[in-house]
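Just below is one structure, and these are the notes that go with it.
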Amino acid sequence: MLKDADILITGGYGTVGRRVGADLAPEYPGRLVVAGRSAEKAAQLAAELGHGVRGRRIDVGEPESVEAALGGVGVVMSCIDQAEPHLLLRAAIARGLAYTDIAPHLMTRRPTETMKAEAARTGARIVLAAGLAPGITSLLARLGADRVGALESVVSNVLLSVGDSFGPASRAYLMEEIALPYAVRVEGREAPTRPFSSSARVTFPPPLGGRTAYLFPFSDQVFFPETLGARTALSRLALDPP
């Protein structure tokens, strides 16, 4: 990776991209590039953020656009989900870049062995799904497992505030997932279920207290049996206010 290379945020003028850009801009003056399908919106946000931020056009579905946008870039932060064949991810691997994203669809976007081998060859560093769930919940589960040793089950409970700002992609994800059947692993066996088909009372730290949390197909639970040895792996969603 080039020293002092640019940091590219795709989906940079979206709800999450704006927050990421605002955090990074003062820390990396002159190195941040916010990008999206609208060059005008990207340029407008760059001007608002200041600190030498630049705007750039990128369409992650167009190979030529992806290649052009990665010029001079060393780090890619993707705030948008990518459909097959994941052009941006593959281009980052081919160029040996550092890449992360916050997309939740880890179940269907797991890197292939070929992609892993290519990343090892080029020196690319790839961290997928570094958001809330998967992401923070995955890290907390790993830390917990390191403390308790062998474990039987992992259950993550995510509390979201309905008053928060959600981008259209986040709302679409929740609406899509809430209607789809999926499978959970209970005592070593796959069990078919549906979102919100079962609930549990969860006590969150003060001042939140007790909340009812419902089964939800966050994809953090998919890998807990493999990575942590859990025979039961569940994820739940709770909303605030109750």
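Note on naming: chains are A, B, ... as they come in the structure tokens, residues start from 1 per chain, ligands start from 1 in the order shown.
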
**OP:** Tell me which protein, DNA and RNA residues are within 10 Å of Leu89 (chain A), counting only C-alpha atoms, leaving out same-chain ones fewer than 4 positions away, and put them as number ranges by chain.
**Re:** A: 60, 66, 76, 78, 82, 85, 93-94, 97, 99-101, 111, 115, 126, 128

Could you build a table of the residues in region 11-61 of chain A lying no more than 8 Å from region 165-183 of chain A, giving for each the nearest pair of atoms and their separation in Å rounded to one decimal place, using only C-alpha atoms, ordered by chain and ascending residue number, as CSV?
residue,atom,partner,partner_atom,distance
A:Gly14,CA,A:Gly167,CA,6.9
A:Thr15,CA,A:Gly167,CA,5.2
A:Val16,CA,A:Gly167,CA,7.3

> Near Glu190 (chain A), within 12 Å and counting only C-alpha atoms, which residues show up once chain neighbours fewer than 3 positions away are dropped, as number ranges by chain?
Replying inline: A: 182-187, 193, 222, 225, 231-234

Using only C-alpha atoms, can you tell me which of A:Leu160, A:Ala141, A:Leu208, A:Val20 comes closest to Leu239 (chain A)?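 Residue with the minimum atom-to-atom distance to Leu239 (chain A): A:Leu160.
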
List every residue of region 4-47 of chain A that has an atom at most 10 Å from any atom of region 69-73 of chain A, giving for each one its closest atom pair and the distance in Å to one decimal, counting only C-alpha atoms, sorted by chain and then by ascending residue number, as JSON lines.
{"residue": "A:Asp4", "atom": "CA", "partner": "A:Val73", "partner_atom": "CA", "distance": 9.1}
{"residue": "A:Ala5", "atom": "CA", "partner": "A:Val73", "partner_atom": "CA", "distance": 5.4}
{"residue": "A:Asp6", "atom": "CA", "partner": "A:Val73", "partner_atom": "CA", "distance": 4.4}
{"residue": "A:Ile7", "atom": "CA", "partner": "A:Val73", "partner_atom": "CA", "distance": 5.9}
{"residue": "A:Leu8", "atom": "CA", "partner": "A:Val73", "partner_atom": "CA", "distance": 6.5}
{"residue": "A:Thr10", "atom": "CA", "partner": "A:Ala69", "partner_atom": "CA", "distance": 9.6}
{"residue": "A:Arg31", "atom": "CA", "partner": "A:Val73", "partner_atom": "CA", "distance": 8.9}
{"residue": "A:Leu32", "atom": "CA", "partner": "A:Val73", "partner_atom": "CA", "distance": 9.4}
{"residue": "A:Val33", "atom": "CA", "partner": "A:Val73", "partner_atom": "CA", "distance": 8.8}
{"residue": "A:Ala35", "atom": "CA", "partner": "A:Ala69", "partner_atom": "CA", "distance": 8.1}
{"residue": "A:Gly36", "atom": "CA", "partner": "A:Ala69", "partner_atom": "CA", "distance": 9.8}

Would you mind exporting the chosen residues as a short mmCIF file (atom, residue, chain, number, x, y, z; two decimals), in the first residue's frame, restricted to C-alpha atoms?
data_model
loop_
_atom_site.label_atom_id
_atom_site.label_comp_id
_atom_site.auth_asym_id
_atom_site.auth_seq_id
_atom_site.Cartn_x
_atom_site.Cartn_y
_atom_site.Cartn_z
CA ASP A 4 -0.05 8.45 2.69
CA ALA A 5 -2.36 7.06 -0.01
CA ASP A 6 -5.96 8.21 -0.21
CA ILE A 7 -8.80 6.79 1.88
CA LEU A 8 -11.86 6.16 -0.29
CA THR A 10 -17.91 4.56 -1.15
CA ARG A 31 -6.32 12.16 2.07
CA LEU A 32 -10.05 11.54 2.26
CA VAL A 33 -12.16 10.93 -0.87
CA ALA A 35 -17.50 8.81 -3.56
CA GLY A 36 -20.85 7.74 -4.96
#

Exercise. Going by DSSP on the backbone, which bits of region 3-150 of chain A are alpha helix (DSSP H)? Write them as an NGL selection string, please.
Key: :A and (15-24 or 39-49 or 63-69 or 87-95 or 113-122 or 136-148)

Point to revise | Shell around Ala238 (chain A) at 8 Å using only C-alpha atoms, local window under 3 positions removed, as a PyMOL selection string | key: chain A and resi 157-160+211-214+242

Selection export as an mmCIF file, in the first residue's frame, atoms kept: N, CA and C atoms:
data_model
loop_
_atom_site.group_PDB
_atom_site.id
_atom_site.type_symbol
_atom_site.label_atom_id
_atom_site.label_comp_id
_atom_site.auth_asym_id
_atom_site.auth_seq_id
_atom_site.Cartn_x
_atom_site.Cartn_y
_atom_site.Cartn_z
ATOM 1 N N ASN A 157 -27.768 -9.793 21.406
ATOM 2 C CA ASN A 157 -28.998 -9.009 21.461
ATOM 3 C C ASN A 157 -28.679 -7.575 21.068
ATOM 4 N N VAL A 158 -29.286 -7.111 19.996
ATOM 5 C CA VAL A 158 -29.011 -5.786 19.457
ATOM 6 C C VAL A 158 -30.204 -4.875 19.746
ATOM 7 N N LEU A 159 -29.936 -3.771 20.415
ATOM 8 C CA LEU A 159 -30.984 -2.792 20.723
ATOM 9 C C LEU A 159 -30.833 -1.590 19.800
ATOM 10 N N LEU A 160 -31.837 -1.320 18.999
ATOM 11 C CA LEU A 160 -31.830 -0.177 18.084
ATOM 12 C C LEU A 160 -32.888 0.827 18.504
ATOM 13 N N ARG A 211 -35.869 -5.331 28.279
ATOM 14 C CA ARG A 211 -36.474 -5.159 26.954
ATOM 15 C C ARG A 211 -36.842 -6.539 26.420
ATOM 16 N N THR A 212 -37.848 -6.587 25.574
ATOM 17 C CA THR A 212 -38.183 -7.817 24.871
ATOM 18 C C THR A 212 -37.437 -7.838 23.549
ATOM 19 N N ALA A 213 -36.643 -8.884 23.332
ATOM 20 C CA ALA A 213 -35.838 -9.017 22.116
ATOM 21 C C ALA A 213 -36.366 -10.198 21.298
ATOM 22 N N TYR A 214 -36.392 -10.026 19.982
ATOM 23 C CA TYR A 214 -36.995 -11.010 19.088
ATOM 24 C C TYR A 214 -35.946 -11.620 18.152
ATOM 25 N N PRO A 242 -39.751 0.799 23.964
ATOM 26 C CA PRO A 242 -40.385 -0.527 23.878
ATOM 27 C C PRO A 242 -41.711 -0.519 23.128
#

Report task. Point out the residue among A:Gly12, A:Gly229, A:Pro241, A:Gly61 with the least atom-to-atom distance to Ala145 (chain A), counting only C-alpha atoms. Result ->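 Once distances to Ala145 (chain A) are computed over only C-alpha atoms, the minimum belongs to A:Gly229.
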
query: With only C-alpha atoms as the atoms that count, which of A:Leu139, A:Ala22, A:Ile58, A:Val202 lies nearest to Ile80 (chain A)?
result: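 Residue with the minimum atom-to-atom distance to Ile80 (chain A): A:Ile58.
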
Exercise. Mind checking DSSP for region 49-237 of chain A and telling me the strand (DSSP E) residues as a ChimeraX atom specification?
Worked result: /A:54-57,73-78,98-101,125-127,153-161,182-186,189-193,199-204,209-215,232-237

Store the residues picked out above in a file with C-alpha atoms, as a short mmCIF file (atom, residue, chain, number, x, y, z; two decimals), in the first residue's frame.
data_model
loop_
_atom_site.label_atom_id
_atom_site.label_comp_id
_atom_site.auth_asym_id
_atom_site.auth_seq_id
_atom_site.Cartn_x
_atom_site.Cartn_y
_atom_site.Cartn_z
CA ARG A 54 -12.35 15.51 -2.35
CA GLY A 55 -15.38 14.12 -4.14
CA ARG A 56 -15.29 11.38 -6.75
CA ARG A 57 -17.77 9.40 -8.81
CA VAL A 73 -6.17 4.85 -3.06
CA GLY A 74 -4.66 2.72 -0.29
CA VAL A 75 -7.69 2.18 1.96
CA VAL A 76 -11.31 1.49 0.97
CA MET A 77 -14.21 1.95 3.38
CA SER A 78 -17.44 0.75 1.76
CA ALA A 98 -6.80 -2.39 2.81
CA TYR A 99 -10.58 -2.85 2.60
CA THR A 100 -13.48 -2.94 5.02
CA ASP A 101 -17.23 -2.52 4.80
CA ARG A 125 -6.02 -6.77 4.09
CA ILE A 126 -9.74 -7.43 4.08
CA VAL A 127 -12.18 -7.08 6.99
CA SER A 153 -23.98 -21.07 23.18
CA VAL A 154 -23.64 -17.52 21.93
CA VAL A 155 -26.62 -15.17 21.90
CA SER A 156 -26.31 -11.58 20.70
CA ASN A 157 -29.00 -9.01 21.46
CA VAL A 158 -29.01 -5.79 19.46
CA LEU A 159 -30.98 -2.79 20.72
CA LEU A 160 -31.83 -0.18 18.08
CA SER A 161 -33.52 3.16 18.68
CA TYR A 182 -34.03 -18.63 7.89
CA ALA A 183 -32.34 -21.25 10.07
CA VAL A 184 -30.80 -21.02 13.53
CA ARG A 185 -28.47 -23.52 15.17
CA VAL A 186 -29.76 -24.99 18.43
CA ARG A 189 -28.84 -28.79 14.81
CA GLU A 190 -30.26 -26.46 12.19
CA ALA A 191 -33.77 -25.33 13.09
CA PRO A 192 -35.99 -23.45 10.60
CA THR A 193 -37.54 -20.28 11.97
CA SER A 199 -38.82 -13.59 22.00
CA ALA A 200 -36.87 -13.38 25.24
CA ARG A 201 -36.64 -10.88 28.05
CA VAL A 202 -33.18 -9.26 28.07
CA THR A 203 -31.73 -6.96 30.71
CA PHE A 204 -29.57 -4.27 29.15
CA GLY A 209 -33.15 -2.06 31.78
CA GLY A 210 -35.44 -4.84 30.58
CA ARG A 211 -36.47 -5.16 26.95
CA THR A 212 -38.18 -7.82 24.87
CA ALA A 213 -35.84 -9.02 22.12
CA TYR A 214 -37.00 -11.01 19.09
CA LEU A 215 -35.24 -13.54 16.87
CA THR A 232 -26.33 -22.87 19.88
CA ALA A 233 -26.10 -19.50 18.13
CA LEU A 234 -28.92 -16.94 18.13
CA SER A 235 -29.28 -13.24 17.37
CA ARG A 236 -32.12 -11.05 18.56
CA LEU A 237 -33.37 -7.54 17.91
#
